[in-house]
Amino acid sequence: MSEITPETSKRMCKHMNEDHGISVYAMLLSSIDGSPESSMKISNCKLKNVSMTKMDISYVACDLKNGTCMPRDTSIDFEPPLESAAEVRPRLVKLHHQNLAPKFSWIITDSICRTIILSVLALGYFDFMGLDAFSSDIENRAPEFFKDMIHFLFGSVESLFRGVQVSFKFAVLAHFLEACYAAYLCKNSLKMNLKGILSWFCVVTMVGYPMTSKVLNFVKVQNQMKNEQKKK
């Protein structure tokens, strides 16, 4: 079994930091997910050491509320531990795709995502009902003040229904176009595999910009890292 020597570790870290910094950044974000640091701005993320059992990463965490920044260090265990130095590259490639992929739990845990999904589902349900059923429901079930408000804001129930139809179709189209753009960035900028690309396509289609913004942030961080490397 070949061990990872200090020289090999140094070479690996240099390669990862210079050419695959976004992978290190994504691994760090996954490791601090759910902790108080997950709400902080993370910068200057660097892989410092690789061993048979773990990776050591240094970074700077900035509290956006009080503006303080502190250097931090963390370790990410290899599970299971490496059996040889030859395993490092395939394991890091696997972690790249794994940690850049979205977590479908975000759709449930994020309040904005939940609101968007429920809103789009409600619009879709009303659109599916059709004008006659929609008008009948409002006429028979809605309180008088609600009917008065509809006529004051929209002029008629039919105008409200047309607005619901347009809103639903716009939301579906907008989310689909965002998902296509996110998939394009995942393939061409983040170099993700098909599973990761399709996962981002699905979550962006469901909730739109809250998920698109995560892809855009990965691309932004990657571009910043590339620019920093060019200046050196």
# chains A, B, ... in the order shown; residues from 1 in each chain; ligands from 1

call {"tool": "residues_around", "arguments": {"residues": "Glu18 in chain A", "least_positions_apart": "2", "cutoff": "9 Å", "atoms": "only C-alpha atoms", "output": "list in words"}}
result
Cys13, Lys14, His15, Met16, His20, Gly21, Met225, Lys226 and Gln229 of chain A

call {"tool": "residues_around", "arguments": {"residues": "Ile42 in chain A", "least_positions_apart": "2", "cutoff": "7 Å", "atoms": "only C-alpha atoms", "output": "PyMOL selection string"}}
result
chain A and resi 40+59-62

call {"tool": "write_last_selection", "arguments": {"atoms": "C-alpha atoms", "output": "compact mmCIF listing (two decimals), in the first residue's frame"}}
result
# COMPACT_ATOMS: atom_id res chain seq x y z
CA MET A 40 -21.34 33.31 6.78
CA TYR A 59 -10.63 29.36 4.86
CA VAL A 60 -11.88 32.72 6.03
CA ALA A 61 -15.40 33.04 7.46
CA CYS A 62 -16.98 36.50 7.58

call {"tool": "residues_around", "arguments": {"residues": "range 167-169 of chain A", "least_positions_apart": "4", "cutoff": "12 Å", "atoms": "only C-alpha atoms", "output": "PyMOL selection string"}}
result
chain A and resi 116-128+160-163+173-176

call {"tool": "write_last_selection", "arguments": {"atoms": "N, CA, C and O atoms", "output": "compact mmCIF listing (two decimals), in the first residue's frame"}}
result
# COMPACT_ATOMS: atom_id res chain seq x y z
N ILE A 116 -42.64 29.29 -3.02
CA ILE A 116 -42.71 29.29 -4.48
C ILE A 116 -43.41 28.04 -4.99
O ILE A 116 -44.29 28.12 -5.87
N ILE A 117 -43.04 26.88 -4.46
CA ILE A 117 -43.66 25.63 -4.92
C ILE A 117 -45.16 25.64 -4.65
O ILE A 117 -45.97 25.30 -5.53
N LEU A 118 -45.57 26.04 -3.44
CA LEU A 118 -46.99 26.07 -3.11
C LEU A 118 -47.74 27.07 -3.99
O LEU A 118 -48.88 26.80 -4.41
N SER A 119 -47.11 28.20 -4.27
CA SER A 119 -47.75 29.22 -5.10
C SER A 119 -47.96 28.71 -6.53
O SER A 119 -49.04 28.88 -7.11
N VAL A 120 -46.93 28.09 -7.09
CA VAL A 120 -47.03 27.58 -8.46
C VAL A 120 -48.05 26.44 -8.54
O VAL A 120 -48.84 26.36 -9.49
N LEU A 121 -48.06 25.58 -7.52
CA LEU A 121 -49.04 24.49 -7.49
C LEU A 121 -50.46 25.04 -7.41
O LEU A 121 -51.38 24.52 -8.06
N ALA A 122 -50.64 26.09 -6.60
CA ALA A 122 -51.97 26.70 -6.48
C ALA A 122 -52.41 27.31 -7.80
O ALA A 122 -53.55 27.13 -8.25
N LEU A 123 -51.49 28.02 -8.47
CA LEU A 123 -51.81 28.61 -9.77
C LEU A 123 -52.15 27.52 -10.79
O LEU A 123 -53.09 27.66 -11.58
N GLY A 124 -51.38 26.43 -10.76
CA GLY A 124 -51.64 25.33 -11.67
C GLY A 124 -52.99 24.67 -11.41
O GLY A 124 -53.70 24.30 -12.36
N TYR A 125 -53.35 24.54 -10.14
CA TYR A 125 -54.64 23.95 -9.79
C TYR A 125 -55.79 24.81 -10.29
O TYR A 125 -56.75 24.31 -10.88
N PHE A 126 -55.70 26.12 -10.07
CA PHE A 126 -56.76 27.02 -10.53
C PHE A 126 -56.85 27.03 -12.05
O PHE A 126 -57.94 27.09 -12.62
N ASP A 127 -55.70 26.99 -12.71
CA ASP A 127 -55.68 26.94 -14.17
C ASP A 127 -56.35 25.67 -14.68
O ASP A 127 -57.11 25.68 -15.66
N PHE A 128 -56.09 24.55 -14.00
CA PHE A 128 -56.67 23.26 -14.38
C PHE A 128 -58.18 23.25 -14.17
O PHE A 128 -58.92 22.58 -14.92
N LEU A 160 -59.50 37.99 -13.23
CA LEU A 160 -58.63 37.34 -12.25
C LEU A 160 -58.16 35.99 -12.76
O LEU A 160 -56.98 35.65 -12.65
N PHE A 161 -59.08 35.23 -13.35
CA PHE A 161 -58.72 33.90 -13.85
C PHE A 161 -57.69 34.00 -14.97
O PHE A 161 -56.75 33.22 -15.03
N ARG A 162 -57.87 34.97 -15.88
CA ARG A 162 -56.90 35.14 -16.95
C ARG A 162 -55.53 35.51 -16.38
O ARG A 162 -54.49 35.08 -16.88
N GLY A 163 -55.55 36.32 -15.32
CA GLY A 163 -54.29 36.67 -14.66
C GLY A 163 -53.62 35.46 -14.04
O GLY A 163 -52.39 35.32 -14.11
N LEU A 173 -42.64 28.72 -17.67
CA LEU A 173 -41.68 29.05 -18.72
C LEU A 173 -40.39 29.64 -18.13
O LEU A 173 -39.28 29.25 -18.54
N ALA A 174 -40.54 30.57 -17.18
CA ALA A 174 -39.37 31.19 -16.57
C ALA A 174 -38.50 30.16 -15.86
O ALA A 174 -37.27 30.16 -16.00
N HIS A 175 -39.13 29.25 -15.11
CA HIS A 175 -38.37 28.22 -14.40
C HIS A 175 -37.68 27.28 -15.38
O HIS A 175 -36.54 26.85 -15.14
N PHE A 176 -38.36 26.95 -16.48
CA PHE A 176 -37.76 26.06 -17.47
C PHE A 176 -36.53 26.71 -18.11
O PHE A 176 -35.48 26.07 -18.26

call {"tool": "residues_around", "arguments": {"residues": "Pro210 in chain A", "least_positions_apart": "6", "cutoff": "9 Å", "atoms": "only C-alpha atoms", "output": "list in words"}}
result
Ile112, Cys113 and Val204 of chain A

call {"tool": "write_last_selection", "arguments": {"atoms": "N, CA and C atoms", "output": "CSV table (one decimal), in the first residue's frame"}}
result
chain,number,residue,atom,x,y,z
A,112,ILE,N,-38.4,30.1,1.4
A,112,ILE,CA,-38.7,30.8,0.1
A,112,ILE,C,-39.1,29.7,-1.0
A,113,CYS,N,-38.3,28.6,-1.0
A,113,CYS,CA,-38.6,27.5,-1.9
A,113,CYS,C,-40.0,26.9,-1.7
A,204,VAL,N,-34.2,23.5,-10.1
A,204,VAL,CA,-34.4,24.9,-10.7
A,204,VAL,C,-35.8,24.9,-11.3

call {"tool": "select_by_dssp", "arguments": {"residues": "range 6-133 of chain A", "states": "strand (DSSP E)", "output": "list in words"}}
result
Lys41, Ile42, Ser43, Asn44, Cys45, Lys46, Leu47, Lys48, Asn49, Val50, Lys54, Met55, Asp56, Ile57, Ser58, Tyr59, Val60, Ala61, Cys62, Cys69, Met70, Pro71, Arg72, Asp73, Thr74, Ser75, Ile76 and Asp77 of chain A

call {"tool": "atom_distance", "arguments": {"atom1": "CA of Ala101 in chain A", "atom2": "CA of Ser51 in chain A"}}
result
24.7 Å

call {"tool": "residues_around", "arguments": {"residues": "Cys180 in chain A", "least_positions_apart": "5", "cutoff": "12 Å", "atoms": "only C-alpha atoms", "output": "list in words"}}
result
Leu173, Ala174, His175, Leu185, Cys186, Lys187, Ile197, Leu198, Ser199, Trp200, Phe201, Cys202, Val203, Val204, Thr205, Gly208, Thr212 and Val215 of chain A

call {"tool": "atom_distance", "arguments": {"atom1": "CA of Trp106 in chain A", "atom2": "CA of Tyr25 in chain A"}}
result
18.7 Å

call {"tool": "select_by_dssp", "arguments": {"residues": "range 46-213 of chain A", "states": "helix (DSSP H, G or I)", "output": "PyMOL selection string"}}
result
chain A and resi 85-100+106-109+111-129+131-141+144-154+157-188+194-207+209-213

call {"tool": "residues_around", "arguments": {"residues": "Lys46 in chain A", "least_positions_apart": "3", "cutoff": "7 Å", "atoms": "only C-alpha atoms", "output": "ChimeraX atom specification"}}
result
/A:17,24,57-59

call {"tool": "closest_residue", "arguments": {"among": "A:Arg91, A:His96, A:Lys230, A:Lys65", "to": "Ile22 in chain A", "atoms": "only C-alpha atoms"}}
result
A:His96

call {"tool": "atom_distance", "arguments": {"atom1": "CA of Ser159 in chain A", "atom2": "CA of Tyr209 in chain A"}}
result
27.6 Å

call {"tool": "residues_around", "arguments": {"residues": "Leu82 in chain A", "least_positions_apart": "2", "cutoff": "7 Å", "atoms": "only C-alpha atoms", "output": "ChimeraX atom specification"}}
result
/A:52-53,78,80,84,87

call {"tool": "write_last_selection", "arguments": {"atoms": "all heavy atoms", "output": "CSV table (one decimal), in the first residue's frame"}}
result
chain,number,residue,atom,x,y,z
A,52,MET,N,-4.2,9.8,4.1
A,52,MET,CA,-4.9,8.6,3.8
A,52,MET,C,-6.3,8.7,4.4
A,52,MET,O,-7.2,7.9,4.0
A,52,MET,CB,-4.2,7.4,4.2
A,52,MET,CG,-2.8,7.2,3.6
A,52,MET,SD,-2.9,7.0,1.8
A,52,MET,CE,-3.5,5.3,1.7
A,53,THR,N,-6.5,9.5,5.4
A,53,THR,CA,-7.8,9.5,6.1
A,53,THR,C,-8.6,10.8,6.0
A,53,THR,O,-9.8,10.8,6.3
A,53,THR,CB,-7.5,9.2,7.6
A,53,THR,OG1,-6.6,10.2,8.2
A,53,THR,CG2,-6.9,7.8,7.8
A,78,PHE,N,-12.0,11.1,4.8
A,78,PHE,CA,-12.3,10.2,3.7
A,78,PHE,C,-13.1,9.0,4.2
A,78,PHE,O,-12.6,8.4,5.2
A,78,PHE,CB,-11.0,9.7,3.0
A,78,PHE,CG,-10.3,10.7,2.2
A,78,PHE,CD1,-9.0,11.1,2.4
A,78,PHE,CD2,-11.0,11.3,1.1
A,78,PHE,CE1,-8.4,12.0,1.6
A,78,PHE,CE2,-10.3,12.2,0.2
A,78,PHE,CZ,-9.0,12.6,0.5
A,80,PRO,N,-14.8,5.6,3.0
A,80,PRO,CA,-13.9,5.0,3.9
A,80,PRO,C,-12.5,5.6,3.6
A,80,PRO,O,-12.3,6.2,2.6
A,80,PRO,CB,-13.9,3.5,3.6
A,80,PRO,CG,-14.2,3.5,2.1
A,80,PRO,CD,-15.2,4.6,1.9
A,84,SER,N,-4.7,3.5,-0.9
A,84,SER,CA,-3.4,3.8,-1.6
A,84,SER,C,-3.5,5.2,-2.1
A,84,SER,O,-4.6,5.8,-2.3
A,84,SER,CB,-3.1,2.8,-2.7
A,84,SER,OG,-4.0,3.0,-3.8
A,87,GLU,N,-5.8,6.1,-5.1
A,87,GLU,CA,-7.2,6.4,-4.9
A,87,GLU,C,-7.6,7.8,-4.8
A,87,GLU,O,-8.8,8.2,-4.9
A,87,GLU,CB,-7.7,5.6,-3.7
A,87,GLU,CG,-7.8,4.1,-3.8
A,87,GLU,CD,-8.5,3.5,-2.6
A,87,GLU,OE1,-9.5,4.1,-2.1
A,87,GLU,OE2,-8.1,2.4,-2.2
